[in-house]
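Structure first, then comments.
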Amino acid sequence: MTNWSIILSISKTHLLSRIKQTGVAALGVTFGIGTFIILVSFMTGLNGLLDGLILNRTPHVHIYNEIKPSVKQPIDYYEKVKDGFKIVRSVKPKFTQTKIHNALPLMKQLNDDPEVKGAIPQLKAQIFYVSGSIELGGNLVGIDVKEEVRLFNFGDYVVKGDPSALANYDNGILMGAGAAAKMSLDVGNTVQVSTVSGDVFPLKIVGIYQSGLSEIDDIQSYASLKTVQRILGESRNYITDINVKLYDIEKAVALAQRLEKQFDVTAVDINTANAQFETGTAIRNLITYAVSITLLIVAGFGIYNILNMLIYEKMNDIAILKATGFSGRDVKYIFMTQALLIGLVGGFFGILVGYGISVVIDNLPFETQALPTIKTYPVNYDISYYVIGVVFAMVSTFLAGYLPARKAEKIDPVEIIRGQ
Amino acid sequence: MGKEIILEAKNINKYFREPVLFHVLKDINFTIKNGEFVSIMGKSGCGKSTLLYILSTMDTDYEGELYLGGDKLTGKHHEELAKIRSKHIGFVFQFHYLLSEFTVLENVMLPAKKLGLKSLQEIEHDAMEKLKLLHIDEQAHKLASRISGGQKQRVAIARALINDPDIIMGDEPTGNLDSHNAQNVMEIFKNLVQERNLSLLIVTHDTDFATKTDRIIEMEDGYIIKK
C-alpha cells in the first residue's frame, strides 16, 4: 500500500526547503532539454531546407529520350557469327527524335497509377535571346505551370511577377534572373526569342525566375507548353521530358526500372541522380543527436550528484521515517519522486526555453542570393522533438534518481539511530 | 482492563558479525503486560538498545521468536513489519528526531497519514489533541527546528501516540534532557500508563527514572539478570 499524497508532500517539502539546489538541478535539465530542442529544430530545419532545395524541384523519376548508340548493333542479329568475336568501329548514336514516343498515353497511364502524385510534361528547346545585334544562347522550357507549382514548388522560385500569368497569357515568359539582368529586362518588357531554325518570336516577360544556381538562372527561361510547341512549330504531343513525383520517394527506383523496360525510354530515379544527398542528411542528424544526448547525460549526472548529497544529509530523516512506519519502498519512492519532479519542472522550462529561442532564431534575418525564398533561418517546429525531449528528461532523471533512491531504501534505521 | 500479555520475547539471541563474531544477546525471555511501565537498565554496551531495536521490529537479524499481541512477528516481510510498526508501536528516541523541515503539527501527523486509516481532518484533530495533552499545542505551526529540546521531546511523544499504539518504546528518552524536563517527561509517561492503559518499555541508565517505573529489567553482558 503506497500513499502517494504523503510521499508527494514529503518530496515537495524536501525540494522546496533547499530551493537553490533544486533549482540548480532543474536548470541542468532545462539547459539540456532546451539545447536539445534548439539544436534539433535548427538542424532539421536546415536539413529540410537543403533537402527541399534539391528534392522539391527534382522529379522522383525523370523520363526522356537519350541520344545514344544502339545497344545491339546489326552484326549482333547475324546468326552465323553468333559465337564469333565482333568489333564494330566508329559507332554513331542512333538517329531518333528527341520527343518521347507516345508521350500522352504514357502520361495518362502514370497519372492513373495510385502511387504517382503526378506526372507532368516538359518541352526543352534551345533558343537565343535576341538583344539588338547580340544573341545570347539559352534554354526555353515549356511547362504546365499550375502542375509545376503544385508538385515542384515552382512558385517559390518566381521572385517577381506571378507564375499563374503564364497559363493565362499566351505569349508570356518567365525569364531567368541572370539572363534578364544581362539584357536589362524586367517584368512587363518584351524579349525577342529566336529558335535554332531562325524564327523570331516576341514574348512578354510576366515574371522573373531565380533558382539560386546562377548557371541555370543565366540561361533558362520558362513559357507555357503550348507556347513553346508553337515556337518550335510542333504538334500538341511533342514532349521531350516527363517528370514524375511519387507519394513515396522510396518507390522511385522500382518505377524507373519498370518504365525503362516497358517503354523505350530513359528513366532516371532521384536516388541515382542525387546519391550523395542522403549521406549528408544522415550525418548531420547523427551529430545533432550525439551532441544533444551528451548534454542530457551531463544534466543527469548533475541530478545524481544532488540527490546523493541530499540522501547523506537526510540520513536521520530516512531513519525516522522508517522507524515511524514508512517502508523502504516508501523512502525509495520519496527520492524517486523528487528526481522525477526535478525532471518534470526542468523539462517543462526546457521546452519553454527551447521554443522561445527557436522562435528567436526563426526570426533572425538570413538572406542569401542562393536561396531567394529564404528570409530568416529555417526552424523545424516538429512536436515530436518536444516529446522526445521531455521523455528523455524523465528517463534520465529516473535513472539518476534510481541509484541514490535505492541506497536510501537500504539504509538501516537502527544503525543511524544507534550511531548518535 | 485485564492484564493480557502485549509483548513477548522467547529465547532471543543476537550476534554481531562485524568486526568479529560477538554474542550480544543471550537467551532473552520476558513478557510485557497491558498497562505496564517497564524499564530496561544496564551499563553501556550490555545490549539493552540492541534488544529494544529487535523488539521494535526494526532489526530483524536475530534468533528466537517475538510476539506482539499474540501475533508472531519473527520472519515477516519488511513491508509488513513497517505497517505493524506504524499501527501498534510508538517510538521516542534519545535524540528527538523530528523532521526539521516540517512543522510540529506535520511531524505528529506524518505516521497517521502514512497509516491512512483516518481522513485528513480527523488526523489533524487527533494531532492537535495529542499536542494539547502534552501542553505543546501553541507551538503546532512552528517549524520543528525552531523549538527547544524539551519541547521537541514532547512533540516526539505526541508523534509516538498519534496512531494510538499498544506500546510505546523509548531509547533513553530523557537522556538528553535537563532534570526539569526529564521530570516532565516522566510525568507524562506515568499519566499515559494510568489514563490510557498504555504499555511502556523504556531503555535507560538513569536509576532515578527507573525506580519510578512498575518493573525494572536489569541486563548485563547480554543476559537478563533480574526481572
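For the C-alpha cells, the naming scheme is as follows: chains receive sequential letters (A, B, ...) according to their order of presentation, residues are indexed from 1 within each chain, and ligands are indexed from 1 in presentation order.
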Using only C-alpha atoms, tabulate the residues of chain B lying at most 9 Å from any atom of chain A, each with its closest atom pair and that distance in Å to one decimal, by chain and increasing residue number, as a tab-separated table.
residue	atom	partner	partner_atom	distance
B:Ser49	CA	A:Arg418	CA	7.9
B:Thr50	CA	A:Val414	CA	8.7
B:Tyr53	CA	A:Val414	CA	6.8
B:Ser56	CA	A:Ala323	CA	8.5
B:Met58	CA	A:Val414	CA	6.7
B:Asp59	CA	A:Val414	CA	6.8
B:His78	CA	A:Ser327	CA	7.1
B:Glu79	CA	A:Ser327	CA	5.5
B:Glu80	CA	A:Ser327	CA	8.5
B:Leu81	CA	A:Gly325	CA	8.2
B:Ala82	CA	A:Gly325	CA	4.7
B:Lys83	CA	A:Gly325	CA	5.8
B:Ile84	CA	A:Gly325	CA	7.6
B:Arg85	CA	A:Gly325	CA	5.4
B:Ser86	CA	A:Gly325	CA	4.1
B:Lys87	CA	A:Gly325	CA	7.8
B:Ile89	CA	A:Thr324	CA	8.4
B:Gly90	CA	A:Thr324	CA	7.3
B:Phe91	CA	A:Thr324	CA	7.2
B:Phe93	CA	A:Ile417	CA	8.0
B:Gln94	CA	A:Ile417	CA	8.8
B:Phe95	CA	A:Gln420	CA	8.0
B:Tyr97	CA	A:Ile320	CA	6.4
B:Leu98	CA	A:Ile320	CA	7.5
B:Leu99	CA	A:Asp317	CA	5.8
B:Ser100	CA	A:Asp317	CA	8.4
B:Glu101	CA	A:Ser17	CA	6.7
B:Phe102	CA	A:Thr13	CA	7.4
B:Leu110	CA	A:Ile6	CA	7.9
B:Pro111	CA	A:Thr324	CA	5.8
B:Lys113	CA	A:Ile6	CA	6.7
B:Lys114	CA	A:Asn3	CA	6.4
B:Leu115	CA	A:Gly325	CA	7.7
B:Gly116	CA	A:Asn3	CA	7.4
B:Arg159	CA	A:Thr324	CA	8.7
B:Ala160	CA	A:Thr324	CA	7.9
Keeping only N, CA and C atoms, write the selected residues as a tab-separated table (two decimals), in the first residue's frame.
chain	number	residue	atom	x	y	z
B	49	SER	N	19.99	-1.50	24.16
B	49	SER	CA	19.46	-0.82	22.97
B	49	SER	C	19.23	-1.83	21.84
B	50	THR	N	20.19	-2.73	21.70
B	50	THR	CA	20.06	-3.77	20.67
B	50	THR	C	18.77	-4.54	20.86
B	53	TYR	N	15.75	-2.50	19.73
B	53	TYR	CA	15.55	-2.43	18.29
B	53	TYR	C	15.02	-3.73	17.71
B	56	SER	N	11.42	-3.63	18.58
B	56	SER	CA	10.70	-2.63	17.79
B	56	SER	C	10.45	-3.09	16.35
B	58	MET	N	12.51	-3.19	14.02
B	58	MET	CA	13.37	-2.56	13.02
B	58	MET	C	14.56	-3.45	12.70
B	59	ASP	N	15.02	-4.20	13.68
B	59	ASP	CA	16.14	-5.12	13.47
B	59	ASP	C	15.55	-6.52	13.36
B	78	HIS	N	9.60	-7.15	5.47
B	78	HIS	CA	9.87	-5.77	5.88
B	78	HIS	C	8.66	-4.85	5.75
B	79	GLU	N	8.00	-4.97	4.58
B	79	GLU	CA	6.87	-4.09	4.32
B	79	GLU	C	5.76	-4.29	5.36
B	80	GLU	N	5.54	-5.56	5.68
B	80	GLU	CA	4.50	-5.91	6.63
B	80	GLU	C	4.87	-5.39	8.02
B	81	LEU	N	6.15	-5.56	8.35
B	81	LEU	CA	6.62	-5.09	9.66
B	81	LEU	C	6.47	-3.58	9.78
B	82	ALA	N	6.75	-2.88	8.67
B	82	ALA	CA	6.63	-1.41	8.70
B	82	ALA	C	5.20	-1.01	9.04
B	83	LYS	N	4.25	-1.76	8.48
B	83	LYS	CA	2.83	-1.49	8.73
B	83	LYS	C	2.49	-1.74	10.20
B	84	ILE	N	2.93	-2.89	10.69
B	84	ILE	CA	2.66	-3.24	12.08
B	84	ILE	C	3.26	-2.20	13.01
B	85	ARG	N	4.49	-1.80	12.68
B	85	ARG	CA	5.20	-0.81	13.48
B	85	ARG	C	4.38	0.48	13.56
B	86	SER	N	3.87	0.92	12.40
B	86	SER	CA	3.18	2.21	12.43
B	86	SER	C	1.85	2.11	13.18
B	87	LYS	N	1.26	0.92	13.22
B	87	LYS	CA	-0.05	0.79	13.83
B	87	LYS	C	0.03	0.51	15.34
B	89	ILE	N	3.15	0.28	17.39
B	89	ILE	CA	4.30	0.66	18.21
B	89	ILE	C	4.59	2.14	18.03
B	90	GLY	N	4.78	2.83	19.16
B	90	GLY	CA	5.20	4.22	19.10
B	90	GLY	C	6.63	4.33	19.57
B	91	PHE	N	7.36	5.32	19.06
B	91	PHE	CA	8.78	5.45	19.38
B	91	PHE	C	9.16	6.79	19.95
B	93	PHE	N	12.94	8.55	20.91
B	93	PHE	CA	14.38	8.31	20.91
B	93	PHE	C	15.08	9.28	21.84
B	94	GLN	N	16.36	8.98	22.05
B	94	GLN	CA	17.16	9.87	22.89
B	94	GLN	C	17.28	11.25	22.25
B	95	PHE	N	17.61	11.24	20.97
B	95	PHE	CA	17.60	12.49	20.23
B	95	PHE	C	16.26	12.54	19.53
B	97	TYR	N	14.76	13.52	16.94
B	97	TYR	CA	14.49	13.02	15.60
B	97	TYR	C	13.16	13.46	15.03
B	98	LEU	N	13.02	14.78	15.00
B	98	LEU	CA	11.88	15.30	14.24
B	98	LEU	C	12.37	15.65	12.84
B	99	LEU	N	11.46	15.70	11.90
B	99	LEU	CA	11.83	16.14	10.55
B	99	LEU	C	11.88	17.66	10.58
B	100	SER	N	13.09	18.21	10.47
B	100	SER	CA	13.27	19.62	10.81
B	100	SER	C	12.63	20.56	9.80
B	101	GLU	N	12.33	20.08	8.60
B	101	GLU	CA	11.76	20.98	7.59
B	101	GLU	C	10.23	21.03	7.66
B	102	PHE	N	9.66	20.21	8.55
B	102	PHE	CA	8.21	20.18	8.66
B	102	PHE	C	7.79	20.88	9.94
B	110	LEU	N	2.39	12.85	10.48
B	110	LEU	CA	3.00	12.00	9.45
B	110	LEU	C	2.73	10.50	9.60
B	111	PRO	N	2.95	9.90	10.78
B	111	PRO	CA	2.71	8.46	10.88
B	111	PRO	C	1.25	8.08	10.63
B	113	LYS	N	-0.84	9.78	8.67
B	113	LYS	CA	-1.08	9.91	7.23
B	113	LYS	C	-0.58	8.67	6.51
B	114	LYS	N	0.57	8.19	6.96
B	114	LYS	CA	1.13	7.00	6.32
B	114	LYS	C	0.22	5.80	6.54
B	115	LEU	N	-0.31	5.68	7.73
B	115	LEU	CA	-1.19	4.55	8.02
B	115	LEU	C	-2.47	4.65	7.20
B	116	GLY	N	-2.94	5.89	7.03
B	116	GLY	CA	-4.05	6.14	6.11
B	116	GLY	C	-5.38	5.56	6.54
B	159	ARG	N	4.00	12.38	18.70
B	159	ARG	CA	4.05	11.62	17.44
B	159	ARG	C	3.91	10.12	17.71
B	160	ALA	N	4.57	9.66	18.79
B	160	ALA	CA	4.50	8.24	19.12
B	160	ALA	C	3.06	7.84	19.45
Strand (DSSP E) residues, from DSSP on the backbone, in range 46-170 of chain B, as a PyMOL selection string: chain B and resi 63-68+71-72+89-92+167-170
Distance CA of Pro163 in chain A-CA of Ser211 in chain A, one decimal place? 13.8 Å
Tell me, as a tab-separated table (two decimals) with C-alpha atoms, in the first residue's frame, which residues lie within 8 Å of Val145 in chain A, counting only C-alpha atoms; anything in the same chain fewer than 5 positions away does not count.
chain	number	residue	atom	x	y	z
A	154	PHE	CA	7.72	26.21	-58.74
A	163	PRO	CA	3.65	32.21	-62.20
A	164	SER	CA	-0.04	31.73	-62.96
A	166	LEU	CA	1.99	32.08	-67.68
A	167	ALA	CA	-1.13	29.99	-68.00
A	224	SER	CA	3.79	27.52	-71.24
Residue nearest Gly176 in chain A among A:Ser221, A:Gly132, A:Glu313, A:Ile67 (counting only C-alpha atoms): A:Ser221
Separation of CA of Ala252 in chain A from CA of Ala223 in chain A, in Å and rounded to one decimal: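 Computed distance, CA of Ala252 in chain A to CA of Ala223 in chain A, equals 27.8 Å.
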Rounded to one decimal, what separation in Å do you get between CA of Ala9 in chain B and CA of Val108 in chain B? 29.3 Å
For Leu7 in chain B, find every residue with an atom within 8 Å (counting only C-alpha atoms), except residues of its own chain fewer than 4 positions away, and show them as a PyMOL selection string. chain B and resi 31-33+66-70
List the neighbours of Asn111 in chain A out to 12 Å using only C-alpha atoms; skip same-chain residues closer than 3 positions along the sequence, and give me the result as a PyMOL selection string. chain A and resi 104-108+114-121+242-246
Enumerate, as a tab-separated table (two decimals) with C-alpha atoms, in the first residue's frame, the complete set of residues in chain B that a backbone-based DSSP assignment places in helix (DSSP H, G or I).
chain	number	residue	atom	x	y	z
B	48	LYS	CA	19.82	-3.09	26.01
B	49	SER	CA	19.46	-0.82	22.97
B	50	THR	CA	20.06	-3.77	20.67
B	51	LEU	CA	17.25	-5.60	22.41
B	52	LEU	CA	14.95	-2.61	22.02
B	53	TYR	CA	15.55	-2.43	18.29
B	54	ILE	CA	14.76	-6.11	17.95
B	55	LEU	CA	11.57	-5.62	19.93
B	78	HIS	CA	9.87	-5.77	5.88
B	79	GLU	CA	6.87	-4.09	4.32
B	80	GLU	CA	4.50	-5.91	6.63
B	81	LEU	CA	6.62	-5.09	9.66
B	82	ALA	CA	6.63	-1.41	8.70
B	83	LYS	CA	2.83	-1.49	8.73
B	84	ILE	CA	2.66	-3.24	12.08
B	85	ARG	CA	5.20	-0.81	13.48
B	86	SER	CA	3.18	2.21	12.43
B	87	LYS	CA	-0.05	0.79	13.83
B	88	HIS	CA	0.99	-0.80	17.10
B	104	VAL	CA	5.43	20.40	14.62
B	105	LEU	CA	1.89	19.50	13.58
B	106	GLU	CA	3.05	17.85	10.36
B	107	ASN	CA	5.61	15.82	12.26
B	108	VAL	CA	2.90	14.49	14.53
B	109	MET	CA	0.51	13.84	11.66
B	110	LEU	CA	3.00	12.00	9.45
B	111	PRO	CA	2.71	8.46	10.88
B	112	ALA	CA	-1.09	8.68	10.80
B	113	LYS	CA	-1.08	9.91	7.23
B	114	LYS	CA	1.13	7.00	6.32
B	115	LEU	CA	-1.19	4.55	8.02
B	120	LEU	CA	-7.02	14.31	6.95
B	121	GLN	CA	-9.34	16.36	9.18
B	122	GLU	CA	-9.54	13.57	11.74
B	123	ILE	CA	-5.77	13.19	11.73
B	124	GLU	CA	-5.27	16.92	12.20
B	125	HIS	CA	-7.80	16.97	15.02
B	126	ASP	CA	-6.15	13.98	16.71
B	127	ALA	CA	-2.71	15.51	16.32
B	128	MET	CA	-3.86	18.72	18.00
B	129	GLU	CA	-5.41	16.63	20.79
B	130	LYS	CA	-2.11	14.86	21.41
B	131	LEU	CA	-0.23	18.14	21.37
B	132	LYS	CA	-2.71	19.60	23.88
B	133	LEU	CA	-2.26	16.56	26.05
B	137	ASP	CA	-0.28	22.85	21.14
B	138	GLU	CA	0.67	26.53	20.90
B	139	GLN	CA	3.85	25.52	19.05
B	144	ALA	CA	10.32	21.55	14.19
B	145	SER	CA	13.83	23.03	14.09
B	146	ARG	CA	12.63	26.18	15.88
B	149	GLY	CA	14.94	20.39	23.19
B	150	GLY	CA	12.36	19.68	25.88
B	151	GLN	CA	9.58	20.73	23.55
B	152	LYS	CA	10.98	18.55	20.80
B	153	GLN	CA	10.90	15.52	23.07
B	154	ARG	CA	7.27	16.21	23.93
B	155	VAL	CA	6.47	16.52	20.22
B	156	ALA	CA	8.21	13.18	19.67
B	157	ILE	CA	5.98	11.64	22.36
B	158	ALA	CA	2.92	13.16	20.72
B	159	ARG	CA	4.05	11.62	17.44
B	160	ALA	CA	4.50	8.24	19.12
B	161	LEU	CA	0.90	8.49	20.37
B	179	SER	CA	16.35	17.27	35.15
B	180	HIS	CA	13.34	19.58	34.97
B	181	ASN	CA	12.37	18.38	31.51
B	182	ALA	CA	13.22	14.78	32.40
B	183	GLN	CA	10.81	15.04	35.32
B	184	ASN	CA	8.23	16.46	32.98
B	185	VAL	CA	8.57	13.58	30.52
B	186	MET	CA	8.37	11.08	33.38
B	187	GLU	CA	5.08	12.64	34.50
B	188	ILE	CA	3.72	12.41	31.00
B	189	PHE	CA	4.64	8.74	30.77
B	190	LYS	CA	3.04	7.94	34.12
B	191	ASN	CA	-0.17	9.69	33.13
B	192	LEU	CA	-0.28	7.77	29.86
B	193	VAL	CA	0.04	4.46	31.65
B	194	GLN	CA	-2.64	5.34	34.18
B	195	GLU	CA	-5.13	7.13	31.98
B	196	ARG	CA	-4.79	5.27	28.72
B	207	THR	CA	18.38	4.97	38.16
B	208	ASP	CA	16.07	7.76	39.36
B	209	PHE	CA	13.98	7.32	36.30
B	210	ALA	CA	13.95	3.52	36.53
B	211	THR	CA	12.84	3.39	40.15
Determine, counting only C-alpha atoms, which protein, DNA and RNA residues have an atom within 10 Å of an atom of Ile231 in chain A; residues of the same chain fewer than 2 positions away are not included. Present the result as a PyMOL selection string. chain A and resi 125+127+193-195+199-201+226-229+233-234
Written selection (C-alpha atoms) as a PDB file, in the first residue's frame:
ATOM      1  CA  ALA A 125      14.088  23.892 -76.527  1.00  0.00           C
ATOM      2  CA  ILE A 127      16.818  29.204 -78.159  1.00  0.00           C
ATOM      3  CA  VAL A 193      13.456  34.876 -78.782  1.00  0.00           C
ATOM      4  CA  SER A 194      14.915  33.130 -81.796  1.00  0.00           C
ATOM      5  CA  THR A 195      14.729  29.388 -82.397  1.00  0.00           C
ATOM      6  CA  ASP A 199      12.308  32.173 -86.480  1.00  0.00           C
ATOM      7  CA  VAL A 200      11.993  35.118 -84.106  1.00  0.00           C
ATOM      8  CA  PHE A 201       9.133  35.493 -81.621  1.00  0.00           C
ATOM      9  CA  LYS A 226       1.674  25.351 -75.769  1.00  0.00           C
ATOM     10  CA  THR A 227       3.746  28.456 -76.441  1.00  0.00           C
ATOM     11  CA  VAL A 228       6.967  26.503 -76.820  1.00  0.00           C
ATOM     12  CA  GLN A 229       5.291  23.934 -79.072  1.00  0.00           C
ATOM     13  CA  GLY A 233       6.245  24.541 -84.911  1.00  0.00           C
ATOM     14  CA  GLU A 234       5.482  21.162 -83.379  1.00  0.00           C
TER      15      GLU A 234
END
Residues near Met169 in chain B, anyone? I mean within 7 Å using only C-alpha atoms, not counting same-chain ones fewer than 2 positions away, as a ChimeraX atom specification. /B:90-92,167,171,200-202
